[in-house]
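Dumped structure_18.tsv below, it's TSV, C-alpha atoms:
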```
chain	number	residue	atom	x	y	z
A	1	LEU	CA	-14.58	-5.19	8.05
A	2	TYR	CA	-12.33	-2.25	8.87
A	3	ARG	CA	-9.14	-3.83	10.15
A	4	VAL	CA	-6.61	-1.43	11.64
A	5	PHE	CA	-3.30	-2.19	13.30
A	6	LEU	CA	-0.37	-0.25	14.68
A	7	VAL	CA	2.97	-0.53	12.94
A	8	SER	CA	5.79	-0.63	15.48
A	9	LEU	CA	8.12	-3.60	16.02
A	10	TRP	CA	8.86	-4.72	12.45
A	11	PHE	CA	9.01	-1.11	11.35
A	12	SER	CA	11.59	-0.37	14.05
A	13	ILE	CA	13.68	-3.28	12.80
A	14	MET	CA	13.41	-2.30	9.15
A	15	ILE	CA	14.42	1.34	9.56
A	16	GLY	CA	16.57	1.10	12.64
A	17	CYS	CA	19.75	1.40	10.63
A	18	ALA	CA	18.70	4.56	8.80
A	19	ASP	CA	21.35	7.23	8.56
A	20	ASP	CA	20.85	10.02	11.12
A	21	SER	CA	23.35	12.31	9.44
A	22	ASN	CA	21.23	13.59	6.53
A	23	THR	CA	19.91	16.98	7.48
A	24	SER	CA	18.63	19.87	5.44
A	25	PRO	CA	21.05	22.85	5.56
A	26	GLU	CA	18.30	25.44	5.18
A	27	ALA	CA	15.08	24.23	6.72
A	28	PRO	CA	11.86	26.02	5.73
A	29	PRO	CA	9.58	27.09	8.58
A	30	LEU	CA	7.00	24.53	9.65
A	31	PRO	CA	3.37	25.30	8.73
A	32	ASP	CA	1.02	26.53	11.41
A	33	ARG	CA	-0.23	23.83	13.74
A	34	PRO	CA	-3.92	22.91	13.17
A	35	THR	CA	-6.19	24.22	15.89
A	36	GLU	CA	-8.20	20.98	16.21
A	37	LEU	CA	-7.24	17.30	16.22
A	38	SER	CA	-8.58	15.38	13.23
A	39	GLY	CA	-7.81	12.21	11.33
A	40	GLU	CA	-6.57	14.08	8.31
A	41	SER	CA	-3.91	16.02	10.22
A	42	TRP	CA	-3.08	14.19	13.46
A	43	MET	CA	0.68	14.29	12.85
A	44	SER	CA	0.54	18.00	12.11
A	45	TYR	CA	-1.56	18.59	15.23
A	46	SER	CA	0.86	16.56	17.38
A	47	ARG	CA	4.01	18.09	15.92
A	48	ASP	CA	5.18	19.81	19.11
A	49	ASP	CA	4.93	16.52	21.02
A	50	ILE	CA	6.61	14.28	18.44
A	51	ILE	CA	9.01	16.58	16.61
A	52	ASN	CA	12.06	15.20	18.44
A	53	ARG	CA	11.14	11.54	17.92
A	54	ARG	CA	12.01	9.11	15.17
A	55	LEU	CA	9.22	7.92	12.92
A	56	ASN	CA	9.45	4.41	14.36
A	57	ASP	CA	9.04	5.78	17.90
A	58	ILE	CA	5.42	6.74	17.37
A	59	ALA	CA	2.36	4.49	16.91
A	60	ILE	CA	1.26	4.55	13.28
A	61	PRO	CA	-2.27	3.38	12.37
A	62	GLY	CA	-2.38	1.07	9.35
A	63	THR	CA	-4.79	-1.15	7.44
A	64	HIS	CA	-4.40	-4.78	6.41
A	65	ASP	CA	-4.89	-5.50	2.69
A	66	SER	CA	-5.67	-1.83	2.31
A	67	GLY	CA	-7.00	-1.94	-1.25
A	68	THR	CA	-9.55	-4.74	-0.88
A	69	TYR	CA	-12.59	-2.50	-0.45
A	70	GLY	CA	-13.27	-2.86	-4.18
A	71	ILE	CA	-13.66	-6.64	-4.04
A	72	THR	CA	-17.07	-8.12	-4.83
A	73	ALA	CA	-18.34	-11.53	-5.92
A	74	ASP	CA	-18.12	-10.22	-9.50
A	75	SER	CA	-14.41	-9.38	-9.25
A	76	SER	CA	-11.96	-11.19	-11.50
A	77	ALA	CA	-9.65	-13.79	-10.01
A	78	ALA	CA	-6.17	-12.58	-9.11
A	79	ASP	CA	-2.88	-14.37	-9.81
A	80	ASP	CA	-1.67	-14.18	-6.23
A	81	LYS	CA	-1.90	-17.94	-5.56
A	82	LYS	CA	-4.48	-17.41	-2.81
A	83	GLY	CA	-7.54	-19.57	-2.07
A	84	LEU	CA	-9.50	-18.96	-5.27
A	85	SER	CA	-6.56	-20.13	-7.39
A	86	VAL	CA	-7.24	-23.69	-6.21
A	87	VAL	CA	-10.86	-23.47	-7.40
A	88	MET	CA	-9.83	-22.01	-10.76
A	89	LYS	CA	-7.26	-24.76	-11.26
A	90	TRP	CA	-9.93	-27.39	-10.54
A	91	ILE	CA	-12.23	-25.83	-13.12
A	92	ASP	CA	-9.42	-25.77	-15.69
A	93	ASP	CA	-8.64	-29.41	-14.96
A	94	MET	CA	-12.30	-30.39	-15.36
A	95	GLU	CA	-12.56	-28.55	-18.67
A	96	ASN	CA	-9.72	-30.69	-20.00
A	97	LYS	CA	-11.37	-33.95	-19.00
A	98	TRP	CA	-13.47	-35.90	-21.51
A	99	TYR	CA	-16.54	-35.25	-19.37
A	100	GLY	CA	-15.79	-31.53	-19.02
A	101	PRO	CA	-18.29	-30.51	-21.74
A	102	VAL	CA	-20.97	-32.53	-19.97
A	103	LEU	CA	-20.38	-30.75	-16.66
A	104	ASP	CA	-20.32	-27.45	-18.50
A	105	SER	CA	-23.59	-28.17	-20.29
A	106	PHE	CA	-25.31	-28.66	-16.94
A	107	GLY	CA	-23.83	-25.41	-15.60
A	108	VAL	CA	-21.74	-27.20	-12.96
A	109	LEU	CA	-18.46	-25.45	-13.73
A	110	GLN	CA	-20.08	-22.01	-13.83
A	111	ALA	CA	-21.86	-22.71	-10.54
A	112	VAL	CA	-18.56	-23.70	-8.90
A	113	ASP	CA	-16.92	-20.56	-10.30
A	114	ASP	CA	-19.72	-18.32	-9.02
A	115	ALA	CA	-19.79	-19.97	-5.60
A	116	GLY	CA	-16.01	-19.79	-5.31
A	117	LYS	CA	-15.97	-16.06	-6.00
A	118	GLU	CA	-18.91	-15.40	-3.68
A	119	ILE	CA	-17.36	-17.25	-0.74
A	120	THR	CA	-13.89	-15.84	-1.41
A	121	SER	CA	-15.20	-12.28	-1.49
A	122	TRP	CA	-16.49	-12.69	2.08
A	123	TRP	CA	-12.99	-13.08	3.54
A	124	ALA	CA	-10.88	-11.39	0.85
A	125	ARG	CA	-12.50	-7.97	1.39
A	126	THR	CA	-10.92	-6.76	4.62
A	127	GLN	CA	-11.69	-3.03	4.22
A	128	ARG	CA	-14.89	-1.15	3.46
A	129	ASP	CA	-13.45	2.39	3.17
A	130	ASP	CA	-11.63	3.59	0.07
A	131	PHE	CA	-8.11	5.02	0.19
A	132	SER	CA	-9.20	8.64	0.48
A	133	THR	CA	-11.47	7.86	3.42
A	134	GLN	CA	-8.72	5.87	5.11
A	135	LEU	CA	-6.36	8.83	4.76
A	136	LEU	CA	-8.92	11.21	6.21
A	137	ASN	CA	-9.53	8.79	9.09
A	138	GLY	CA	-5.86	8.90	10.06
A	139	ILE	CA	-4.45	5.78	8.37
A	140	ARG	CA	-0.77	6.29	7.53
A	141	TYR	CA	0.44	2.75	6.76
A	142	PHE	CA	-0.93	0.88	3.73
A	143	ASP	CA	-0.44	-2.87	3.23
A	144	LEU	CA	-0.40	-3.28	-0.55
A	145	ARG	CA	-0.41	-6.51	-2.60
A	146	VAL	CA	-0.37	-5.48	-6.24
A	147	GLN	CA	-0.76	-7.28	-9.55
A	148	GLN	CA	-0.06	-5.80	-12.97
A	149	ARG	CA	-2.77	-6.22	-15.57
A	150	HIS	CA	-1.96	-5.41	-19.17
A	151	THR	CA	0.73	-2.76	-19.73
A	152	SER	CA	-0.03	-0.01	-17.25
A	153	SER	CA	-2.86	-1.16	-14.98
A	154	PHE	CA	-2.10	-2.15	-11.41
A	155	TYR	CA	-4.62	-3.60	-8.97
A	156	CYS	CA	-4.60	-4.37	-5.28
A	157	VAL	CA	-5.30	-8.07	-4.93
A	158	HIS	CA	-6.33	-10.60	-2.31
A	159	SER	CA	-7.39	-13.70	-4.22
A	160	LEU	CA	-9.69	-11.38	-6.22
A	161	LEU	CA	-8.93	-8.06	-7.91
A	162	GLY	CA	-9.62	-5.09	-5.67
A	163	ALA	CA	-9.06	-1.37	-6.13
A	164	ASN	CA	-7.04	0.07	-8.97
A	165	LEU	CA	-3.83	1.54	-7.59
A	166	ASP	CA	-4.72	4.81	-9.33
A	167	ASP	CA	-7.31	5.24	-6.57
A	168	LEU	CA	-4.50	5.39	-4.01
A	169	LEU	CA	-2.25	7.67	-6.05
A	170	ASP	CA	-5.09	10.06	-6.84
A	171	GLY	CA	-6.14	9.99	-3.18
A	172	ILE	CA	-2.61	10.86	-2.05
A	173	ASP	CA	-2.43	13.74	-4.50
A	174	SER	CA	-5.70	15.18	-3.20
A	175	PHE	CA	-4.71	14.51	0.41
A	176	TYR	CA	-1.53	16.56	0.27
A	177	ARG	CA	-3.46	19.49	-1.16
A	178	LEU	CA	-5.42	19.77	2.08
A	179	PRO	CA	-4.29	22.83	4.05
A	180	ASP	CA	-3.42	20.93	7.26
A	181	ALA	CA	-1.91	17.75	5.79
A	182	GLY	CA	1.54	19.12	5.10
A	183	LEU	CA	3.35	17.22	7.88
A	184	GLU	CA	1.59	13.88	7.47
A	185	ILE	CA	3.96	11.02	6.61
A	186	LEU	CA	2.75	7.93	4.74
A	187	ILE	CA	4.16	4.41	4.48
A	188	LEU	CA	3.37	2.42	1.34
A	189	ASP	CA	4.40	-1.19	1.82
A	190	PHE	CA	4.31	-3.10	-1.47
A	191	GLN	CA	5.03	-6.32	0.31
A	192	HIS	CA	3.69	-8.66	-2.37
A	193	THR	CA	3.75	-8.01	-6.13
A	194	PHE	CA	2.64	-10.30	-8.96
A	195	ASP	CA	3.24	-10.36	-12.73
A	196	MET	CA	5.12	-7.07	-12.43
A	197	ASP	CA	7.42	-5.14	-14.70
A	198	HIS	CA	9.19	-3.86	-11.60
A	199	ASP	CA	11.22	-1.05	-13.17
A	200	ALA	CA	8.24	0.32	-15.09
A	201	PHE	CA	6.14	0.22	-11.93
A	202	VAL	CA	8.75	2.04	-9.84
A	203	ASP	CA	9.21	4.67	-12.55
A	204	MET	CA	5.45	5.22	-12.49
A	205	LEU	CA	5.52	5.67	-8.71
A	206	LYS	CA	8.34	8.21	-9.00
A	207	THR	CA	6.31	10.16	-11.54
A	208	ARG	CA	3.06	10.10	-9.57
A	209	LEU	CA	4.32	10.67	-6.02
A	210	ARG	CA	5.09	14.37	-6.33
A	211	ASP	CA	3.77	17.44	-4.58
A	212	LYS	CA	1.93	20.30	-6.24
A	213	ASN	CA	5.27	21.95	-7.07
A	214	GLY	CA	6.57	18.84	-8.83
A	215	SER	CA	9.02	17.85	-6.09
A	216	SER	CA	9.32	14.19	-5.15
A	217	LEU	CA	7.44	13.09	-2.04
A	218	ILE	CA	9.44	9.85	-1.72
A	219	ILE	CA	11.89	9.56	1.18
A	220	PRO	CA	15.13	7.95	-0.12
A	221	ARG	CA	16.56	4.87	1.55
A	222	GLY	CA	18.96	5.70	4.38
A	223	THR	CA	17.39	9.08	5.14
A	224	ASN	CA	17.43	10.37	8.72
A	225	LEU	CA	13.99	9.42	10.05
A	226	HIS	CA	13.79	11.86	12.93
A	227	LEU	CA	10.56	13.73	12.33
A	228	LYS	CA	12.19	17.13	12.64
A	229	SER	CA	14.64	16.23	9.88
A	230	LEU	CA	11.90	14.81	7.65
A	231	TRP	CA	9.75	17.88	8.10
A	232	GLU	CA	12.65	20.08	7.04
A	233	THR	CA	12.37	18.54	3.56
A	234	SER	CA	9.54	18.11	1.07
A	235	ARG	CA	9.71	14.29	1.38
A	236	ARG	CA	6.71	12.65	3.03
A	237	ILE	CA	6.33	9.04	1.77
A	238	LEU	CA	8.29	5.89	2.60
A	239	VAL	CA	7.98	3.23	-0.11
A	240	PHE	CA	8.79	-0.36	0.89
A	241	TYR	CA	9.10	-2.93	-1.91
A	242	ASP	CA	9.18	-6.71	-2.01
A	243	ASP	CA	11.66	-7.33	-4.85
A	244	GLU	CA	15.21	-7.14	-3.51
A	245	ALA	CA	16.90	-6.67	-6.90
A	246	THR	CA	14.59	-3.78	-7.71
A	247	VAL	CA	15.22	-2.11	-4.37
A	248	ALA	CA	18.97	-2.38	-4.92
A	249	LYS	CA	18.62	-0.44	-8.21
A	250	HIS	CA	16.37	2.31	-6.88
A	251	PRO	CA	17.56	4.38	-3.88
A	252	GLU	CA	14.02	5.69	-3.46
A	253	LEU	CA	12.89	2.26	-2.20
A	254	TRP	CA	13.26	0.59	1.18
A	255	TYR	CA	13.40	-3.17	1.75
A	256	SER	CA	10.01	-4.60	2.64
A	257	SER	CA	9.52	-6.89	5.59
A	258	SER	CA	8.67	-9.65	3.11
A	259	VAL	CA	12.23	-9.45	1.71
A	260	ARG	CA	13.85	-9.74	5.14
A	261	THR	CA	11.56	-12.42	6.55
A	262	GLY	CA	10.80	-14.40	3.40
A	263	SER	CA	7.06	-14.18	4.09
```
File written out as structure tokens:
Amino acid sequence: LYRVFLVSLWFSIMIGCADDSNTSPEAPPLPDRPTELSGESWMSYSRDDIINRRLNDIAIPGTHDSGTYGITADSSAADDKKGLSVVMKWIDDMENKWYGPVLDSFGVLQAVDDAGKEITSWWARTQRDDFSTQLLNGIRYFDLRVQQRHTSSFYCVHSLLGANLDDLLDGIDSFYRLPDAGLEILILDFQHTFDMDHDAFVDMLKTRLRDKNGSSLIIPRGTNLHLKSLWETSRRILVFYDDEATVAKHPELWYSSSVRTGS
């Protein structure tokens, strides 16, 4: 269930035009290098070997549909137009037929709904570890498909509702409080969003993605992505986003691969 991949080619294309001229005039000293290699601090441990490389010149472990570990057969259907949407549309169509009440009285529609969710959950759940565990295991790229529910609730989706995005944001906050995680750089790729108030969502991300001193962790678009230059700042998180108009309004966002490829 734990699907991991390395982000390299598309990432190189997406950030290849980043400005190399942005440097910090007064760089703080780097933290001490961890004495042992571990998943929670592998970038920090490898700093002397990778400090003169660009971020897209190193192999970055990532997870596919990173927030699907919360999906079960009891999860609500998502609005992401994936497989279960076809089943739900069929049920809606049947309910509007003259014989819909008959099917419903025999439990046919409920049985189809239950079976659809059960079968969908088998393939929709691509991860078993939660966000915090993924971070501690060395994952640095997160593939995020997010749907807004109500005013301020956001869920990772893959045909069914998965983890609440708060799980990721809380996990990141705790992660950067670890003593050896100071040089770890994360990539959040919101490559598919559904039913979103984009500006409200981005404002929420800006508020939540801050370090313990209140400084933003988000790396602005066009920043020099040489690791040495990144580590000379407090910025640690690249945020890719799938809505081109929203990215254009917010310099904190980078264009997602889904914008450039139309996928």
- request: Tell me, in Å to one decimal, how far atom CA of A:Leu253 is from atom CA of A:Tyr69.
  value: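 A separation of 26.0 Å between them.
The gap separating atom CA of A:Ile219 from atom CA of A:Ile50 is 18.7 Å, in Å to one decimal.
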Point-to-point distance in Å for atom CA of A:Ser132 and atom CA of A:Phe175: 7.4 Å
Sphere at (1.2, 0.1, -11.1), radius 12 Å, counting only C-alpha atoms: residues as a VMD selection string: chain A and resid 144 to 156 163 to 169 190 193 to 208
- prompt: Which residues come within 9 Å of A:Ile237, counting all atoms listed in the file, excluding same-chain residues fewer than 3 positions away, as a PyMOL selection string?
  reply: chain A and resi 184-188+209+217-219
Taking C-alpha atoms for each residue, export the selection above as a PDB file, keeping the file's coordinate frame.
```
ATOM      1  CA  GLU A 184       1.590  13.880   7.470  1.00  0.00           C
ATOM      2  CA  ILE A 185       3.960  11.020   6.610  1.00  0.00           C
ATOM      3  CA  LEU A 186       2.750   7.930   4.740  1.00  0.00           C
ATOM      4  CA  ILE A 187       4.160   4.410   4.480  1.00  0.00           C
ATOM      5  CA  LEU A 188       3.370   2.420   1.340  1.00  0.00           C
ATOM      6  CA  LEU A 209       4.320  10.670  -6.020  1.00  0.00           C
ATOM      7  CA  LEU A 217       7.440  13.090  -2.040  1.00  0.00           C
ATOM      8  CA  ILE A 218       9.440   9.850  -1.720  1.00  0.00           C
ATOM      9  CA  ILE A 219      11.890   9.560   1.180  1.00  0.00           C
TER      10      ILE A 219
END
```
Counting all atoms listed in the file, the residue of A:Asp173, A:Arg221, A:Ser229, A:Ser44 that sits nearest A:Ala248: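 Closest to A:Ala248, using all atoms listed in the file: A:Arg221.
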- request: Return the single residue from A:Arg177, A:His192, A:His64, A:Arg33 that is closest to A:Lys81, with distances computed using all atoms listed in the file.
  value: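 Looking only at the distances to A:Lys81, the closest residue turns out to be A:His192.
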field: Best match for closeness to A:Arg47 among A:Gln191, A:Thr35, A:Thr72, A:Thr120, counting only C-alpha atoms
entry: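 Among the listed residues, A:Thr35 lies closest to A:Arg47.
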task: Would you mind listing what lies within 12 Å of A:Asp49 as a VMD selection string, with all atoms listed in the file counted and same-chain residues fewer than 6 positions away left out?
output: chain A and resid 33 42 to 43 57 to 58 227 to 228
